[in-house]
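One structure below.
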Amino acid sequence: MSTDLSALLNASKALTSHLSRPDLPSVNLSLDQIEAQSRRLVSRQPGTSADTSRANYLLAQAHVDAPALASSIAHLNTQTTFSPLQALQDTDVAGYLRHAHEQNLISTIEEGRRETQEEFYRVLEDRGRRDWEARKKRVFEQLGARVGGENRAVTDLKKSTHGKNLLSASVGLSPSLQMQSKMMAYDRVVSELNTSRLRGTSFPIVHALVQASLSANPDPRSAQITHNFHVLAKITGEPPSLPPIAHAGAHILNAPLIERKFARAYLGDPESRDAVELRRQIAKGARESLEEQYWDVVDRTLQARPTEARLGGDPSVSNKIRAYVLVRHYRSGEWEDRIELVAGQPLWAKLFYLIRTGHAHEALEEAMRYQQAIEHRESSFLSHLRAWVESPDRRLPKPHRDQLHAAYNAHMLHSSTADPFKLALYKFMGKIDPTRRSVAQVTVTTEDWLWFQLSMVDEEELGGLRGLAEVLLNYGERHFDGVPGQKGAKRGVWAGVLLMCGQFERAVAALWDHHETEVEAVHLAIALAYHGLLRVPSRAETSDVTPLTLSPVSPPALSLSTLIWRYVRQFVRMDAREALQYVYCVCLSADQPGGVGKEQVENAWELVRRIIVLANPGAAWEELVGGFRPDGTRFSGVIEQSASLLKLENAHEYNEHILIRAAKSSEEADRIPEAIKLYNLAGDYATVIGVLAHALGNTIAQPSVDEKARTIERTAADILRHYERTNRAVGKERDAVIRLLRVREAMDAKDAGRIEAALELMESTDLIPMDGDVAKITKRAEEFRELPDALQRNLQTFLTLTMDILAAVHQKAKASSLPDSARQMTLASLRKKSRSLIIFAGNLKYRMSPDVYSYLARLDVEIAL
């Protein structure tokens, strides 16, 4: 051990040998000696001094060269921090490479750390902004207004009775005129969809949405939104139109199955064969949509620059591509750099653009015309191209791929002069090096880049379409749409990118995040749900802040019911029927497994009930739920007629899940007339009478009668007439309603000055005995507590009203010109009735206000005089 320590000491001395100065003695002290000497030096001093010269003197006594150390620190060059500890000889190549490798590792680690930190803070800021925007949007939706809008919810709340109309507060502002025009263009599609569903026929919803988008977004800047629907049409393979139906069952043979066609593959095991085939179809459809889009670009370019194109009279695909290549890559009498001419033609560029525009077979024919020239340069290219074109999934067999890889690596990979279009052809045909996702001069636009990625996707390599989706998600929205609010920011590109890689729920959420594309987001979600390409979350996973649910253990999910309700709440009061058309679409996900489908149906029922409660009363409201004709016959509403779309099998389920529960919600929202009608439609006649009695009891106690109270009374009278004819709901509650209506008539008669009629009406209610029979009065007082609550809690009203009427009749009789005997007889009868009322009030087992007893006693004394 001592030998090792001695060697270590000698080595340490050698490290600083080049720094030593011969005019200063070396320090040969142990650590303990150095510490002891330092303490001794400090103890000799009276205190700490800032005198630099004295400090240097003290350090010099301890053999420390302070000026030299200060000079070394001042002239320290940090650039040599990572230089080799030992000088490298000029011929030490291995040492130099090792040092360079170490420096590269250190630089890479530091650069990666810095980029990760910057990305972390950027993502954190972006996530915080998104969360704040989502929460702010949610708050304003709950309050019924957007930024800068009037808070209609507060107005509704003020208009409600005792602030109970809370459901009204969840209705947003009416949309602007421009937004209404756009919404109307789309809602016709939803109505036609539901009509087809009721008939049991398929409906080409995506193509219908394409047409609606064209009419609603004439601005060329909105072309991306239309293209997104076109992408979905290609992904789903939806036909643009369906054959007409000749008879009721013809659709089974004539129309292809569209509704929920992909649900089993999309919602099932992602590793199943069906799921893999679906992802291949998504990639193929997305690629084909980009090809059609680019062919449109070719046509527009040739029309805009006919002189440069020199198209001539040949309208063939090959000639158009020749003209397009001429426009794009021929400048000032010569071709662009690296464009390789084969037999005098930019053949590689022509072949690429033919394939890029979806004309692969035409590309093969074009190549065959130059077979000899191609084989002279690339001997096996034609055989590879033929195999690739004829492959159903555009995938070369392994022998072809191996040969293609060998040729590419041999004379293209590191070539600086290779034609970029030939490089691109080799790369996507052989799926060579898919991690390098671009080719200079070829993938110049976002669409070109996406098409190239989709052409390279292979479900058997690098995760397939899901792997591409992960790459694109790492790029994020800013990379495609730009920074929101900044000049040049585009809308819809990011959603289209997500559609193309099968991230359908994220695509809808990307559109919903921006106010100007909310309408398209809702209809895109409906179209996806119709085809079975939308996953909805369970009730427990649904967020109150955003419709999109992200989980580390399950695929993304989108709450269609939440999305639809936030959309229809804008016009549910104006057009409840259209709002219902959207709610019917919630049940498209009824077949999702794991109990989620059943929850979606229940969500749809809940939304229907909300619409019933929030819809404006009147004839339009009765069109929703149904009603009774003047002759007493019942007619059904649009909800009942569309019950099959809500998965309601019979009238009992419709009554239980829709009418009765909507009636309870209406009752809680203080919409009593509507609640009564709903209970009546559901056949719950006993509840109808109970609600009527309760409502009439409330109106009787009100000091003033408003229109709402009059509506309740008219509804009660109509229902009573109908129930008396059909002998329904016989019992104490119905008798209570009859008595309360008569009390109201007595009040009206008293206010109109018809006091005799008012007295007669109060006597007909038989609520207060006025015949003077004490035994009978006592018995009736005991029986009063068995009457319905609506009568019991209005006892004070009945007593004071009756006594007021008796006093008024007494005053009128005293002042009348009747003969004295008749007048005395009338006054005696009134005194008997007044005394009976006092006895009845005294025998009741209720505590009334002392003021009421005092008031009754005072009037009784006046009548007795």
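How things are named: the first chain in the structure tokens is A, the next is B, and so on; residues count from 1 in each chain; ligands count from 1 in the order shown.
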
#### Entry: Within 9 Å of range 423-438 of chain A using only C-alpha atoms, minus same-chain residues under 4 positions, as a PyMOL selection string
chain A and resi 348+351-352+381+384-385+388+394-396+400-402+404-405+407-408+412-413+418-419+442-444+449+452-453+455-458+462

Shell around Leu533 in chain A at 10 Å using only C-alpha atoms, local window under 4 positions removed, as a JSON list (two decimals) with all heavy atoms, in the first residue's frame:
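Wrote it out as selection23.json, contents follow:
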```
[["chain", "number", "residue", "atom", "x", "y", "z"],
["A", 236, "THR", "N", -62.61, 5.89, -46.11],
["A", 236, "THR", "CA", -63.74, 4.99, -45.88],
["A", 236, "THR", "C", -64.16, 4.26, -47.15],
["A", 236, "THR", "O", -64.88, 3.25, -47.07],
["A", 236, "THR", "CB", -64.94, 5.76, -45.33],
["A", 236, "THR", "OG1", -65.31, 6.80, -46.27],
["A", 236, "THR", "CG2", -64.61, 6.39, -43.99],
["A", 260, "ARG", "N", -71.54, 2.05, -39.38],
["A", 260, "ARG", "CA", -70.73, 1.27, -38.44],
["A", 260, "ARG", "C", -69.95, 0.15, -39.13],
["A", 260, "ARG", "O", -69.64, -0.89, -38.52],
["A", 260, "ARG", "CB", -71.60, 0.68, -37.33],
["A", 260, "ARG", "CG", -72.48, 1.69, -36.64],
["A", 260, "ARG", "CD", -71.68, 2.76, -35.94],
["A", 260, "ARG", "NE", -70.97, 2.25, -34.77],
["A", 260, "ARG", "CZ", -70.11, 2.96, -34.04],
["A", 260, "ARG", "NH1", -69.83, 4.21, -34.39],
["A", 260, "ARG", "NH2", -69.52, 2.44, -32.99],
["A", 261, "LYS", "N", -69.59, 0.36, -40.36],
["A", 261, "LYS", "CA", -68.89, -0.67, -41.13],
["A", 261, "LYS", "C", -67.54, -1.03, -40.51],
["A", 261, "LYS", "O", -67.14, -2.20, -40.49],
["A", 261, "LYS", "CB", -68.69, -0.18, -42.57],
["A", 261, "LYS", "CG", -67.92, -1.15, -43.46],
["A", 261, "LYS", "CD", -67.76, -0.60, -44.86],
["A", 261, "LYS", "CE", -66.96, -1.55, -45.74],
["A", 261, "LYS", "NZ", -66.78, -1.00, -47.12],
["A", 262, "PHE", "N", -66.82, -0.05, -39.99],
["A", 262, "PHE", "CA", -65.46, -0.29, -39.49],
["A", 262, "PHE", "C", -65.41, -0.39, -37.97],
["A", 262, "PHE", "O", -64.31, -0.43, -37.40],
["A", 262, "PHE", "CB", -64.53, 0.84, -39.95],
["A", 262, "PHE", "CG", -64.48, 1.02, -41.44],
["A", 262, "PHE", "CD1", -65.14, 2.08, -42.05],
["A", 262, "PHE", "CD2", -63.80, 0.12, -42.24],
["A", 262, "PHE", "CE1", -65.11, 2.25, -43.42],
["A", 262, "PHE", "CE2", -63.75, 0.29, -43.61],
["A", 262, "PHE", "CZ", -64.40, 1.35, -44.21],
["A", 263, "ALA", "N", -66.55, -0.39, -37.31],
["A", 263, "ALA", "CA", -66.57, -0.34, -35.84],
["A", 263, "ALA", "C", -65.85, -1.53, -35.22],
["A", 263, "ALA", "O", -65.06, -1.38, -34.28],
["A", 263, "ALA", "CB", -68.00, -0.25, -35.34],
["A", 264, "ARG", "N", -66.09, -2.73, -35.73],
["A", 264, "ARG", "CA", -65.48, -3.92, -35.13],
["A", 264, "ARG", "C", -63.95, -3.86, -35.22],
["A", 264, "ARG", "O", -63.25, -4.14, -34.25],
["A", 264, "ARG", "CB", -66.01, -5.17, -35.82],
["A", 264, "ARG", "CG", -65.46, -6.48, -35.24],
["A", 264, "ARG", "CD", -65.92, -7.67, -36.07],
["A", 264, "ARG", "NE", -67.36, -7.80, -36.03],
["A", 264, "ARG", "CZ", -68.02, -8.47, -35.09],
["A", 264, "ARG", "NH1", -67.36, -9.06, -34.11],
["A", 264, "ARG", "NH2", -69.33, -8.56, -35.12],
["A", 265, "ALA", "N", -63.43, -3.48, -36.39],
["A", 265, "ALA", "CA", -61.97, -3.43, -36.56],
["A", 265, "ALA", "C", -61.37, -2.28, -35.78],
["A", 265, "ALA", "O", -60.30, -2.41, -35.18],
["A", 265, "ALA", "CB", -61.64, -3.31, -38.04],
["A", 266, "TYR", "N", -62.04, -1.13, -35.76],
["A", 266, "TYR", "CA", -61.46, 0.06, -35.13],
["A", 266, "TYR", "C", -61.51, -0.01, -33.62],
["A", 266, "TYR", "O", -60.57, 0.43, -32.93],
["A", 266, "TYR", "CB", -62.19, 1.30, -35.62],
["A", 266, "TYR", "CG", -61.56, 2.59, -35.18],
["A", 266, "TYR", "CD1", -60.36, 3.04, -35.73],
["A", 266, "TYR", "CD2", -62.14, 3.37, -34.19],
["A", 266, "TYR", "CE1", -59.77, 4.22, -35.32],
["A", 266, "TYR", "CE2", -61.56, 4.55, -33.76],
["A", 266, "TYR", "CZ", -60.38, 4.97, -34.34],
["A", 266, "TYR", "OH", -59.79, 6.15, -33.92],
["A", 267, "LEU", "N", -62.59, -0.55, -33.08],
["A", 267, "LEU", "CA", -62.77, -0.56, -31.63],
["A", 267, "LEU", "C", -62.25, -1.85, -30.98],
["A", 267, "LEU", "O", -62.20, -1.94, -29.76],
["A", 267, "LEU", "CB", -64.25, -0.39, -31.28],
["A", 267, "LEU", "CG", -64.91, 0.88, -31.82],
["A", 267, "LEU", "CD1", -66.40, 0.87, -31.52],
["A", 267, "LEU", "CD2", -64.25, 2.12, -31.24],
["A", 502, "GLY", "N", -54.78, 8.25, -39.08],
["A", 502, "GLY", "CA", -55.74, 7.47, -38.30],
["A", 502, "GLY", "C", -56.02, 8.00, -36.92],
["A", 502, "GLY", "O", -56.67, 7.31, -36.13],
["A", 503, "GLN", "N", -55.58, 9.20, -36.61],
["A", 503, "GLN", "CA", -55.85, 9.81, -35.30],
["A", 503, "GLN", "C", -57.15, 10.63, -35.41],
["A", 503, "GLN", "O", -57.14, 11.87, -35.34],
["A", 503, "GLN", "CB", -54.68, 10.69, -34.87],
["A", 503, "GLN", "CG", -53.40, 9.93, -34.66],
["A", 503, "GLN", "CD", -53.47, 9.01, -33.44],
["A", 503, "GLN", "OE1", -53.86, 9.41, -32.35],
["A", 503, "GLN", "NE2", -53.08, 7.76, -33.65],
["A", 504, "PHE", "N", -58.26, 9.92, -35.54],
["A", 504, "PHE", "CA", -59.53, 10.59, -35.86],
["A", 504, "PHE", "C", -60.03, 11.45, -34.70],
["A", 504, "PHE", "O", -60.53, 12.56, -34.92],
["A", 504, "PHE", "CB", -60.57, 9.54, -36.24],
["A", 504, "PHE", "CG", -60.17, 8.69, -37.40],
["A", 504, "PHE", "CD1", -60.16, 7.31, -37.32],
["A", 504, "PHE", "CD2", -59.79, 9.27, -38.60],
["A", 504, "PHE", "CE1", -59.79, 6.53, -38.38],
["A", 504, "PHE", "CE2", -59.42, 8.50, -39.68],
["A", 504, "PHE", "CZ", -59.42, 7.12, -39.58],
["A", 505, "GLU", "N", -59.94, 10.94, -33.48],
["A", 505, "GLU", "CA", -60.43, 11.72, -32.33],
["A", 505, "GLU", "C", -59.61, 13.01, -32.16],
["A", 505, "GLU", "O", -60.17, 14.08, -31.89],
["A", 505, "GLU", "CB", -60.35, 10.89, -31.05],
["A", 505, "GLU", "CG", -61.26, 9.67, -31.04],
["A", 505, "GLU", "CD", -60.67, 8.47, -31.78],
["A", 505, "GLU", "OE1", -59.48, 8.54, -32.17],
["A", 505, "GLU", "OE2", -61.39, 7.48, -31.97],
["A", 525, "ALA", "N", -67.07, 14.60, -36.67],
["A", 525, "ALA", "CA", -67.27, 13.59, -35.63],
["A", 525, "ALA", "C", -68.47, 12.71, -35.94],
["A", 525, "ALA", "O", -68.43, 11.48, -35.75],
["A", 525, "ALA", "CB", -67.44, 14.27, -34.27],
["A", 526, "ILE", "N", -69.55, 13.31, -36.42],
["A", 526, "ILE", "CA", -70.75, 12.52, -36.76],
["A", 526, "ILE", "C", -70.45, 11.57, -37.90],
["A", 526, "ILE", "O", -70.86, 10.39, -37.88],
["A", 526, "ILE", "CB", -71.91, 13.47, -37.10],
["A", 526, "ILE", "CG1", -72.37, 14.23, -35.84],
["A", 526, "ILE", "CG2", -73.08, 12.70, -37.71],
["A", 526, "ILE", "CD1", -73.40, 15.29, -36.10],
["A", 527, "ALA", "N", -69.74, 12.05, -38.92],
["A", 527, "ALA", "CA", -69.41, 11.19, -40.06],
["A", 527, "ALA", "C", -68.51, 10.03, -39.61],
["A", 527, "ALA", "O", -68.70, 8.88, -40.04],
["A", 527, "ALA", "CB", -68.72, 12.01, -41.14],
["A", 528, "LEU", "N", -67.55, 10.31, -38.75],
["A", 528, "LEU", "CA", -66.68, 9.25, -38.24],
["A", 528, "LEU", "C", -67.48, 8.23, -37.43],
["A", 528, "LEU", "O", -67.28, 7.02, -37.57],
["A", 528, "LEU", "CB", -65.58, 9.86, -37.38],
["A", 528, "LEU", "CG", -64.48, 10.64, -38.12],
["A", 528, "LEU", "CD1", -63.66, 11.46, -37.15],
["A", 528, "LEU", "CD2", -63.59, 9.69, -38.92],
["A", 529, "ALA", "N", -68.38, 8.73, -36.59],
["A", 529, "ALA", "CA", -69.20, 7.82, -35.79],
["A", 529, "ALA", "C", -70.10, 6.97, -36.68],
["A", 529, "ALA", "O", -70.32, 5.78, -36.42],
["A", 529, "ALA", "CB", -70.04, 8.61, -34.79],
["A", 589, "SER", "N", -72.94, 5.35, -31.51],
["A", 589, "SER", "CA", -71.93, 4.59, -30.79],
["A", 589, "SER", "C", -72.54, 3.60, -29.81],
["A", 589, "SER", "O", -71.87, 3.14, -28.89],
["A", 589, "SER", "CB", -70.99, 5.54, -30.03],
["A", 589, "SER", "OG", -70.35, 6.44, -30.92]]
```

### Query
From the list A:Arg356, A:Arg197, A:Arg754, A:His722, which residue is nearest Tyr530 in chain A when using only C-alpha atoms?
A:Arg197

### Query
Suppose you want the space between CA of Arg780 in chain A and CA of Ile738 in chain A; what is it in Å?
18.6 Å

### Message
Please determine, counting only C-alpha atoms, which residue among A:Ser71, A:Gln702, A:Glu111, A:Glu308 has the shortest atom-to-atom distance to Gly333 in chain A.
### Response
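Nearest to Gly333 in chain A: A:Glu308.
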
### Query
So which residues of range 467-666 of chain A fall under strand (DSSP E) by DSSP, listed as a VMD selection string?
chain A and resid 548 to 551 554 to 558 626 to 628 634 to 636

### Query
Looking at A:Val231, A:Ala864, A:Met762, A:Ile839, which one is nearest to Thr797 in chain A, with distances taken over only C-alpha atoms?
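So, comparing all the options, the nearest one is A:Met762.
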
### Task
Just the residues within 7 Å of Leu645 in chain A, please, counting only C-alpha atoms, with nothing from its chain fewer than 2 positions along; format it as a ChimeraX atom specification.
/A:584,587,642-643,647

Serialized selection, N, CA and C atoms, as a CSV table (one decimal), in the first residue's frame:
```csv
chain,number,residue,atom,x,y,z
A,584,TYR,N,-79.8,12.6,-32.0
A,584,TYR,CA,-80.0,11.2,-32.5
A,584,TYR,C,-78.7,10.6,-32.9
A,587,CYS,N,-76.4,8.2,-30.5
A,587,CYS,CA,-76.7,6.7,-30.4
A,587,CYS,C,-76.0,5.9,-31.5
A,642,SER,N,-89.3,9.2,-34.0
A,642,SER,CA,-87.9,8.8,-34.2
A,642,SER,C,-87.3,8.0,-33.1
A,643,ALA,N,-88.2,7.3,-32.3
A,643,ALA,CA,-87.8,6.6,-31.1
A,643,ALA,C,-86.8,5.5,-31.5
A,647,LYS,N,-82.9,4.2,-29.7
A,647,LYS,CA,-82.9,2.8,-29.2
A,647,LYS,C,-84.0,2.6,-28.2
```

### Message
So that I can see what lies close to His523 in chain A, please list as a count of residues only the residues with an atom at most 10 Å from it, counting only C-alpha atoms and leaving out residues fewer than 2 positions away in the same chain.
### Response
21

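The protein and nucleic acid residues lying at most 8 Å from range 768-777 of chain A are A:Glu763, A:Leu799, A:Lys832, A:Lys833, A:Ser834, A:Arg835, A:Ser836, A:Leu837, A:Ile839, A:Phe840, with only C-alpha atoms considered and sequence neighbours fewer than 5 positions away removed.
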
Let's have the selection written as an mmCIF file, in the first residue's frame, with N, CA, C and O atoms.
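Generated output (selection.cif):
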```cif
data_model
loop_
_atom_site.group_PDB
_atom_site.id
_atom_site.type_symbol
_atom_site.label_atom_id
_atom_site.label_comp_id
_atom_site.auth_asym_id
_atom_site.auth_seq_id
_atom_site.Cartn_x
_atom_site.Cartn_y
_atom_site.Cartn_z
ATOM 1 N N GLU A 763 -119.228 28.349 -0.994
ATOM 2 C CA GLU A 763 -120.060 27.350 -0.337
ATOM 3 C C GLU A 763 -120.064 26.031 -1.104
ATOM 4 O O GLU A 763 -120.132 24.947 -0.510
ATOM 5 N N LEU A 799 -110.176 30.943 4.766
ATOM 6 C CA LEU A 799 -110.922 31.572 5.850
ATOM 7 C C LEU A 799 -111.057 33.079 5.651
ATOM 8 O O LEU A 799 -112.150 33.649 5.771
ATOM 9 N N LYS A 832 -125.070 33.798 10.980
ATOM 10 C CA LYS A 832 -124.915 32.379 11.275
ATOM 11 C C LYS A 832 -123.697 31.802 10.536
ATOM 12 O O LYS A 832 -122.920 31.031 11.105
ATOM 13 N N LYS A 833 -123.536 32.206 9.303
ATOM 14 C CA LYS A 833 -122.399 31.706 8.522
ATOM 15 C C LYS A 833 -121.084 32.231 9.090
ATOM 16 O O LYS A 833 -120.079 31.503 9.176
ATOM 17 N N SER A 834 -121.085 33.491 9.491
ATOM 18 C CA SER A 834 -119.874 34.059 10.068
ATOM 19 C C SER A 834 -119.520 33.362 11.368
ATOM 20 O O SER A 834 -118.350 33.028 11.631
ATOM 21 N N ARG A 835 -120.550 33.117 12.228
ATOM 22 C CA ARG A 835 -120.309 32.434 13.478
ATOM 23 C C ARG A 835 -119.823 31.013 13.236
ATOM 24 O O ARG A 835 -118.924 30.520 13.937
ATOM 25 N N SER A 836 -120.366 30.338 12.239
ATOM 26 C CA SER A 836 -119.921 28.975 11.904
ATOM 27 C C SER A 836 -118.451 28.975 11.505
ATOM 28 O O SER A 836 -117.683 28.076 11.868
ATOM 29 N N LEU A 837 -118.055 29.984 10.749
ATOM 30 C CA LEU A 837 -116.655 30.068 10.305
ATOM 31 C C LEU A 837 -115.729 30.257 11.509
ATOM 32 O O LEU A 837 -114.667 29.625 11.594
ATOM 33 N N ILE A 839 -116.326 29.312 14.639
ATOM 34 C CA ILE A 839 -116.290 28.049 15.390
ATOM 35 C C ILE A 839 -115.386 27.039 14.678
ATOM 36 O O ILE A 839 -114.590 26.327 15.309
ATOM 37 N N PHE A 840 -115.509 26.978 13.344
ATOM 38 C CA PHE A 840 -114.686 26.052 12.552
ATOM 39 C C PHE A 840 -113.199 26.376 12.718
ATOM 40 O O PHE A 840 -112.379 25.482 12.942
#
```

#### Entry: CA of Ile612 in chain A to CA of Gln570 in chain A, straight-line distance in Å
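Taking CA of Gln570 in chain A and CA of Ile612 in chain A, their separation equals 14.9 Å.
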
### Message
If DSSP is run on the backbone, what residues of range 627-842 of chain A are alpha helix (DSSP H)? A reply as a ChimeraX atom specification would be ideal.
### Response
/A:638-641,651-654,661-668,672-681,685-701,707-726,732-751,755-765,774-783,789-792,795-814,820-842

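Contact shell of Arg858 in chain A at 12 Å (only C-alpha atoms; same-chain neighbours under 4 positions omitted): Thr800, Met803, Asp804, Ala807, Ser834, Arg835, Ile838, Asp851, Val852, Tyr853, Ser854, Glu862, Ile863, Ala864 and Leu865 of chain A.
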
### Message
Just to confirm, what's the straight-line distance from CA of Ile805 in chain A to CA of Ala781 in chain A in Å (one decimal)?
### Response
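That distance, rounded to one decimal, is 20.8 Å.
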
### Query
Do you know which residues are at most 10 Å from Thr357 in chain A counting only C-alpha atoms, after dropping those on the same chain fewer than 6 positions away, and could you put them as a PyMOL selection string?
chain A and resi 287-298+317+321

Saved selection, atoms kept: N, CA, C and O atoms, as a compact mmCIF listing (two decimals), in the first residue's frame:
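Saved as selection-v9.txt:
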```
# COMPACT_ATOMS: atom_id res chain seq x y z
N ARG A 287 -53.33 8.47 -48.96
CA ARG A 287 -52.39 8.68 -50.07
C ARG A 287 -53.13 9.01 -51.36
O ARG A 287 -52.74 9.92 -52.12
N GLU A 288 -54.22 8.30 -51.63
CA GLU A 288 -54.99 8.56 -52.85
C GLU A 288 -55.62 9.94 -52.84
O GLU A 288 -55.73 10.59 -53.89
N SER A 289 -56.03 10.41 -51.66
CA SER A 289 -56.61 11.76 -51.60
C SER A 289 -55.56 12.81 -51.94
O SER A 289 -55.85 13.81 -52.61
N LEU A 290 -54.33 12.60 -51.47
CA LEU A 290 -53.25 13.53 -51.80
C LEU A 290 -52.89 13.46 -53.28
O LEU A 290 -52.50 14.46 -53.88
N GLU A 291 -53.03 12.28 -53.87
CA GLU A 291 -52.76 12.15 -55.30
C GLU A 291 -53.80 12.90 -56.13
O GLU A 291 -53.45 13.59 -57.10
N GLU A 292 -55.05 12.76 -55.76
CA GLU A 292 -56.09 13.50 -56.48
C GLU A 292 -55.93 15.00 -56.30
O GLU A 292 -56.16 15.78 -57.24
N GLN A 293 -55.55 15.41 -55.10
CA GLN A 293 -55.33 16.83 -54.85
C GLN A 293 -54.19 17.36 -55.73
O GLN A 293 -54.29 18.46 -56.29
N TYR A 294 -53.14 16.57 -55.87
CA TYR A 294 -52.01 17.03 -56.66
C TYR A 294 -52.34 17.05 -58.16
O TYR A 294 -51.84 17.91 -58.89
N TRP A 295 -53.17 16.12 -58.60
CA TRP A 295 -53.59 16.15 -60.01
C TRP A 295 -54.36 17.43 -60.30
O TRP A 295 -54.24 18.00 -61.38
N ASP A 296 -55.15 17.89 -59.33
CA ASP A 296 -55.85 19.16 -59.48
C ASP A 296 -54.85 20.31 -59.56
O ASP A 296 -55.04 21.26 -60.32
N VAL A 297 -53.75 20.22 -58.80
CA VAL A 297 -52.70 21.23 -58.87
C VAL A 297 -52.07 21.25 -60.25
O VAL A 297 -51.80 22.32 -60.83
N VAL A 298 -51.84 20.08 -60.82
CA VAL A 298 -51.27 19.99 -62.16
C VAL A 298 -52.17 20.68 -63.18
O VAL A 298 -51.72 21.49 -64.01
N VAL A 317 -52.75 11.77 -70.04
CA VAL A 317 -52.11 11.99 -68.74
C VAL A 317 -50.61 12.17 -68.90
O VAL A 317 -50.00 13.05 -68.29
N ILE A 321 -48.33 15.50 -67.79
CA ILE A 321 -47.21 15.43 -66.86
C ILE A 321 -45.94 15.95 -67.54
O ILE A 321 -45.13 16.64 -66.91
```

### Message
Between A:Ala752, A:Val93, A:Leu740, A:Val688, which residue has the minimum interatomic distance to Leu795 in chain A, considering only C-alpha atoms?
### Response
A:Leu740
